[in-house]
Structure formats: C-alpha cells, structure tokens
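A.B. asks: Here you go, protein07.cif (mmCIF, C-alpha atoms):
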```cif
data_data
#
loop_
_atom_site.group_PDB
_atom_site.id
_atom_site.type_symbol
_atom_site.label_atom_id
_atom_site.label_comp_id
_atom_site.auth_asym_id
_atom_site.auth_seq_id
_atom_site.Cartn_x
_atom_site.Cartn_y
_atom_site.Cartn_z
ATOM 1 C CA MET E 1 -5.878 -11.441 17.442
ATOM 2 C CA ALA E 2 -4.637 -10.793 20.953
ATOM 3 C CA ALA E 3 -6.879 -13.534 22.313
ATOM 4 C CA SER E 4 -5.427 -16.137 19.950
ATOM 5 C CA LEU E 5 -1.895 -15.074 20.845
ATOM 6 C CA GLY E 6 -2.575 -14.723 24.578
ATOM 7 C CA GLY E 7 0.398 -15.374 26.819
ATOM 8 C CA MET E 8 2.891 -15.276 23.967
ATOM 9 C CA PHE E 9 4.028 -11.742 24.682
ATOM 10 C CA THR E 10 4.514 -11.852 28.433
ATOM 11 C CA GLY E 11 7.680 -10.414 29.849
ATOM 12 C CA GLN E 12 7.711 -7.484 27.445
ATOM 13 C CA PRO E 13 8.525 -3.966 28.679
ATOM 14 C CA PRO E 14 5.614 -1.895 29.983
ATOM 15 C CA GLY E 15 3.470 -0.104 27.470
ATOM 16 C CA PRO E 16 3.034 3.575 26.693
ATOM 17 C CA PRO E 17 1.407 5.971 29.097
ATOM 18 C CA PRO E 18 -2.355 6.194 28.867
ATOM 19 C CA PRO E 19 -3.671 8.431 26.099
ATOM 20 C CA PRO E 20 -4.514 12.060 26.800
ATOM 21 C CA PRO E 21 -8.157 12.984 27.219
ATOM 22 C CA GLY E 22 -9.954 13.160 23.909
ATOM 23 C CA LEU E 23 -13.054 14.706 22.484
ATOM 24 C CA PRO E 24 -16.473 13.888 23.933
ATOM 25 C CA GLY E 25 -17.888 10.727 22.446
ATOM 26 C CA GLN E 26 -14.438 9.228 21.998
ATOM 27 C CA ALA E 27 -14.855 6.734 24.841
ATOM 28 C CA SER E 28 -15.813 3.978 22.397
ATOM 29 C CA LEU E 29 -12.455 4.352 20.633
ATOM 30 C CA LEU E 30 -10.410 4.446 23.818
ATOM 31 C CA GLN E 31 -11.305 1.367 25.813
ATOM 32 C CA ALA E 32 -9.635 2.352 29.072
ATOM 33 C CA ALA E 33 -10.200 5.636 30.793
ATOM 34 C CA PRO E 34 -7.237 8.016 30.653
ATOM 35 C CA GLY E 35 -5.021 7.704 33.685
ATOM 36 C CA ALA E 36 -6.289 4.227 34.521
ATOM 37 C CA PRO E 37 -3.572 1.701 35.439
ATOM 38 C CA ARG E 38 -2.678 -0.795 32.757
ATOM 39 C CA PRO E 39 -3.304 -4.476 33.467
ATOM 40 C CA SER E 40 -0.187 -6.420 34.444
ATOM 41 C CA ASN E 41 -0.913 -9.216 31.945
ATOM 42 C CA SER E 42 -0.834 -6.785 29.010
ATOM 43 C CA THR E 43 0.461 -8.314 25.790
ATOM 44 C CA LEU E 44 2.616 -6.715 23.143
ATOM 45 C CA VAL E 45 -0.359 -6.581 20.778
ATOM 46 C CA ASP E 46 -2.419 -4.826 23.465
ATOM 47 C CA GLU E 47 0.384 -2.318 23.952
ATOM 48 C CA LEU E 48 0.615 -1.756 20.207
ATOM 49 C CA GLU E 49 -3.105 -1.129 20.051
ATOM 50 C CA SER E 50 -3.087 1.260 23.001
ATOM 51 C CA SER E 51 -0.083 3.160 21.634
ATOM 52 C CA PHE E 52 -1.888 3.546 18.305
ATOM 53 C CA GLU E 53 -4.940 4.830 20.158
ATOM 54 C CA ALA E 54 -2.684 7.249 22.052
ATOM 55 C CA CYS E 55 -1.290 8.539 18.734
ATOM 56 C CA PHE E 56 -4.768 8.999 17.359
ATOM 57 C CA ALA E 57 -6.022 10.639 20.547
ATOM 58 C CA SER E 58 -3.086 13.037 20.613
ATOM 59 C CA LEU E 59 -3.873 14.142 17.079
ATOM 60 C CA VAL E 60 -7.542 14.849 17.798
ATOM 61 C CA SER E 61 -7.237 15.954 21.427
ATOM 62 C CA GLN E 62 -9.005 19.181 22.278
ATOM 63 C CA ASP E 63 -5.898 20.265 24.215
ATOM 64 C CA TYR E 64 -3.831 20.144 21.036
ATOM 65 C CA VAL E 65 -6.507 21.737 18.865
ATOM 66 C CA ASN E 66 -6.849 24.744 21.191
ATOM 67 C CA GLY E 67 -3.175 24.792 22.193
ATOM 68 C CA THR E 68 -1.081 27.812 21.420
ATOM 69 C CA ASP E 69 2.401 26.387 21.988
ATOM 70 C CA GLN E 70 3.159 24.616 18.716
ATOM 71 C CA GLU E 71 6.449 23.209 20.011
ATOM 72 C CA GLU E 72 4.691 21.528 22.958
ATOM 73 C CA ILE E 73 2.077 20.054 20.625
ATOM 74 C CA ARG E 74 4.750 18.779 18.248
ATOM 75 C CA THR E 75 6.754 17.232 21.099
ATOM 76 C CA GLY E 76 3.701 15.430 22.490
ATOM 77 C CA VAL E 77 2.686 14.029 19.120
ATOM 78 C CA ASP E 78 6.278 13.020 18.329
ATOM 79 C CA GLN E 79 6.545 11.164 21.636
ATOM 80 C CA CYS E 80 3.324 9.233 20.988
ATOM 81 C CA ILE E 81 4.414 8.326 17.476
ATOM 82 C CA GLN E 82 7.878 7.278 18.634
ATOM 83 C CA LYS E 83 6.371 5.035 21.327
ATOM 84 C CA PHE E 84 4.101 3.448 18.708
ATOM 85 C CA LEU E 85 7.040 2.850 16.368
ATOM 86 C CA ASP E 86 9.094 1.294 19.179
ATOM 87 C CA ILE E 87 6.324 -1.129 20.085
ATOM 88 C CA ALA E 88 5.735 -1.899 16.392
ATOM 89 C CA ARG E 89 9.420 -2.809 16.064
ATOM 90 C CA GLN E 90 9.164 -5.035 19.128
ATOM 91 C CA THR E 91 6.110 -6.746 17.628
ATOM 92 C CA GLU E 92 7.889 -7.255 14.327
ATOM 93 C CA CYS E 93 10.902 -8.657 16.145
ATOM 94 C CA PHE E 94 8.677 -11.105 18.019
ATOM 95 C CA PHE E 95 7.101 -12.404 14.830
ATOM 96 C CA LEU E 96 10.479 -12.660 13.120
ATOM 97 C CA GLN E 97 11.737 -14.726 16.063
ATOM 98 C CA LYS E 98 8.702 -17.006 15.796
ATOM 99 C CA ARG E 99 9.307 -17.307 12.054
ATOM 100 C CA LEU E 100 12.926 -18.280 12.732
ATOM 101 C CA GLN E 101 11.809 -20.890 15.261
ATOM 102 C CA LEU E 102 9.351 -22.282 12.739
ATOM 103 C CA SER E 103 12.019 -22.452 10.038
ATOM 104 C CA VAL E 104 14.286 -24.415 12.383
ATOM 105 C CA GLN E 105 11.586 -26.752 13.704
ATOM 106 C CA LYS E 106 9.654 -27.264 10.442
ATOM 107 C CA PRO E 107 11.822 -26.331 7.447
ATOM 108 C CA ASP E 108 9.477 -28.148 5.050
ATOM 109 C CA GLN E 109 6.641 -25.780 6.032
ATOM 110 C CA VAL E 110 8.771 -22.751 5.148
ATOM 111 C CA ILE E 111 9.680 -24.311 1.794
ATOM 112 C CA LYS E 112 5.996 -24.998 1.071
ATOM 113 C CA GLU E 113 5.146 -21.367 1.826
ATOM 114 C CA ASP E 114 7.980 -20.149 -0.399
ATOM 115 C CA VAL E 115 6.849 -22.396 -3.255
ATOM 116 C CA SER E 116 3.286 -21.174 -2.842
ATOM 117 C CA GLU E 117 4.432 -17.533 -2.932
ATOM 118 C CA LEU E 118 6.543 -18.199 -6.037
ATOM 119 C CA ARG E 119 3.602 -19.863 -7.788
ATOM 120 C CA SER E 120 1.319 -16.941 -7.056
ATOM 121 C CA GLU E 121 4.010 -14.543 -8.263
ATOM 122 C CA LEU E 122 4.355 -16.527 -11.496
ATOM 123 C CA GLN E 123 0.596 -16.439 -12.022
ATOM 124 C CA ARG E 124 0.549 -12.705 -11.467
ATOM 125 C CA LYS E 125 3.388 -12.178 -13.921
ATOM 126 C CA ASP E 126 1.802 -14.494 -16.496
ATOM 127 C CA ALA E 127 -1.386 -12.456 -16.292
ATOM 128 C CA LEU E 128 0.656 -9.288 -16.750
ATOM 129 C CA VAL E 129 2.430 -10.759 -19.801
ATOM 130 C CA GLN E 130 -0.924 -11.771 -21.306
ATOM 131 C CA LYS E 131 -2.248 -8.256 -20.746
ATOM 132 C CA HIS E 132 0.768 -6.771 -22.512
ATOM 133 C CA LEU E 133 0.498 -9.281 -25.372
ATOM 134 C CA THR E 134 -3.130 -8.318 -25.868
ATOM 135 C CA LYS E 135 -2.182 -4.643 -26.054
ATOM 136 C CA LEU E 136 0.705 -5.476 -28.388
ATOM 137 C CA ARG E 137 -1.583 -7.393 -30.768
ATOM 138 C CA HIS E 138 -4.033 -4.491 -30.757
ATOM 139 C CA TRP E 139 -1.370 -1.940 -31.675
ATOM 140 C CA GLN E 140 0.166 -4.249 -34.273
ATOM 141 C CA GLN E 141 -3.264 -4.468 -35.883
ATOM 142 C CA VAL E 142 -3.596 -0.676 -35.804
ATOM 143 C CA LEU E 143 -0.175 -0.276 -37.449
ATOM 144 C CA GLU E 144 -1.008 -2.915 -40.031
ATOM 145 C CA ASP E 145 -4.260 -1.105 -40.883
ATOM 146 C CA ILE E 146 -2.350 2.165 -41.307
ATOM 147 C CA ASN E 147 0.245 0.472 -43.527
ATOM 148 C CA VAL E 148 -2.469 -1.049 -45.697
ATOM 149 C CA GLN E 149 -4.026 2.382 -46.187
ATOM 150 C CA HIS E 150 -0.689 3.944 -47.186
ATOM 151 C CA LYS E 151 0.330 1.117 -49.544
ATOM 152 C CA LYS E 152 -2.375 1.831 -52.111
ATOM 153 C CA PRO E 153 -0.209 3.666 -54.704
ATOM 154 C CA ALA E 154 -2.843 3.548 -57.458
ATOM 155 C CA ASP E 155 -5.243 5.629 -55.383
ATOM 156 C CA MET E 156 -2.651 8.230 -54.437
ATOM 157 C CA PRO E 157 -1.847 11.065 -56.853
ATOM 158 C CA GLN E 158 1.824 11.759 -57.634
ATOM 159 C CA GLY E 159 3.826 14.612 -56.100
ATOM 160 C CA SER E 160 4.424 15.955 -52.620
ATOM 161 C CA LEU E 161 1.569 18.457 -52.753
ATOM 162 C CA ALA E 162 -0.863 15.739 -53.760
ATOM 163 C CA PHE E 163 0.325 13.603 -50.813
ATOM 164 C CA LEU E 164 -0.362 16.487 -48.395
ATOM 165 C CA GLU E 165 -3.800 17.011 -49.891
ATOM 166 C CA GLN E 166 -4.574 13.301 -49.526
ATOM 167 C CA ALA E 167 -3.326 13.248 -45.914
ATOM 168 C CA SER E 168 -5.273 16.370 -44.971
ATOM 169 C CA ALA E 169 -8.445 14.911 -46.476
ATOM 170 C CA ASN E 170 -8.473 12.333 -43.659
ATOM 171 C CA ILE E 171 -8.373 15.009 -40.935
ATOM 172 C CA PRO E 172 -11.837 15.997 -39.699
ATOM 173 C CA ALA E 173 -12.824 19.624 -40.171
ATOM 174 C CA PRO E 174 -12.886 21.821 -37.031
ATOM 175 C CA LEU E 175 -16.272 22.678 -35.591
ATOM 176 C CA LYS E 176 -17.356 26.275 -36.088
ATOM 177 C CA GLN E 177 -18.258 28.138 -32.923
ATOM 178 C CA THR E 178 -21.215 30.508 -33.030
#
```
Turn this file's structure into structure tokens for me.
C.D. replies:
Amino acid sequence: MAASLGGMFTGQPPGPPPPPPGLPGQASLLQAAPGAPRPSNSTLVDELESSFEACFASLVSQDYVNGTDQEEIRTGVDQCIQKFLDIARQTECFFLQKRLQLSVQKPDQVIKEDVSELRSELQRKDALVQKHLTKLRHWQQVLEDINVQHKKPADMPQGSLAFLEQASANIPAPLKQT
C-alpha cells in the first residue's frame, strides 16, 4: 500500500523511536534493526507500520516479560500505544483531506459511491426482512397447528379436570434412571 501511495505523505512529522529489542527470531517481524536510523523519505504509512511493530515488540519484549518494575513497563507500553494512536489519527486525517479534495473536484464520484452504498444497504436490509418473514411464517404455522389441535371440542371431554388430563397426555413421560 505504501508503494502505491509513495510520495503522498512527505512532510509529515518524524516517526516513533525504533522498537525495543525483541525475542530471538523476531527479526522477520521487525524489518529494521533496533536503533537503526529511520530513512528520511519515510511515509506516514511506513511510520504507522513501524509504530504498530513497536507496540507489538513492547508487549512481547523479553525486557518487559522479566521486568520487575510494573510502572516502568506500563509507561513504556502506554507510550508506544499513544504514539501509534497519534500516527493513526494523522493517517486518518490525511485520508479525510483526500476525500474532501475528491468531493470538491469530482462531486459526481462521491454521489455514485453514496448511491452504491445505499443500494448495498437496501439489499442487506431486504435480505434481513425476508429472513424475518420466513421465521414469522414458520411460527404462524406452528400457532395455527396448535389452534387446530385445541379447536376439536368433540374429542375433548367436558370439565376442567378432563382438560388437564388431556393436556398432560401430550407430555412425554420422564425417563427412568437406573
């Protein structure tokens, strides 16, 4: 993604400090060696990625796992997460600015996207309505079947005790445990 957006994020503030040393075998996750200088043509997306890696590395770092000062560990992790959130906000702001530019330069494109989103939302809601109608028909049929069973007065004996006996006849007998 950074390659397709290359050069669009220049002039942004410098990125987070390099991640702390991690566990052995973590070099594939962290592209740059800890303490290495960051390239000057770093993009906002690159900074976002490296700050995420720094957050991840701080959570799995051997220093933090074996550390005894919980407050120091918490402060370090909080700083990494805050840096990631700041860069994420900057990235969101950039894309919102580009969206605003697009809406000014090509308002018809924005309207087409909105119409497309509304159509997909309508399709989703129509499918949901159909699902509920199917369930409704099923339960209406169940209620109708119950009503048909209870509306046979010739089969039912008279009196409240007889009604209870008839109703209890439909209940299955409990299984005996040995």
A.B. asks: Rounded to one decimal place, report the atom CA of E:Glu165-atom CA of E:Leu143 distance in Å.
C.D. replies: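 About the pair atom CA of E:Glu165 and atom CA of E:Leu143: they are 21.6 Å apart.
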A.B. asks: Specify as number ranges by chain each residue included when the PyMOL selection byres ((chain E and resi 48) around 9) is applied to this file.
C.D. replies: E: 15-16, 43-47, 49-53, 83-85, 87-88, 91
A.B. asks: Can you measure atom CA of E:Cys55 to atom CA of E:Gln97 for me? One decimal in Å is fine.
C.D. replies: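 Between atom CA of E:Cys55 and atom CA of E:Gln97 the gap works out to 26.8 Å.
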A.B. asks: Mind giving me the straight-line distance from atom CA of E:Gln79 to atom CA of E:Val60 in Å, one decimal?
C.D. replies: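 Distance reported for this atom pair: 15.1 Å.
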A.B. asks: Any chance you could work out the axis-aligned box around stretch 140-154 of chain E, listed atoms only, 6 Å on each side, giving centre and edge lengths in Å to one decimal, as JSON?
C.D. replies:
```
{"center_x": -2.0, "center_y": -0.3, "center_z": -45.9, "size_x": 16.6, "size_y": 20.4, "size_z": 35.2}
```
A.B. asks: Check the smallest atom-to-atom distance from each of E:Gln82, E:Glu121, E:Glu144, E:Glu113 to E:Arg99 using all atoms listed in the file, then report the winner.
C.D. replies: E:Glu113
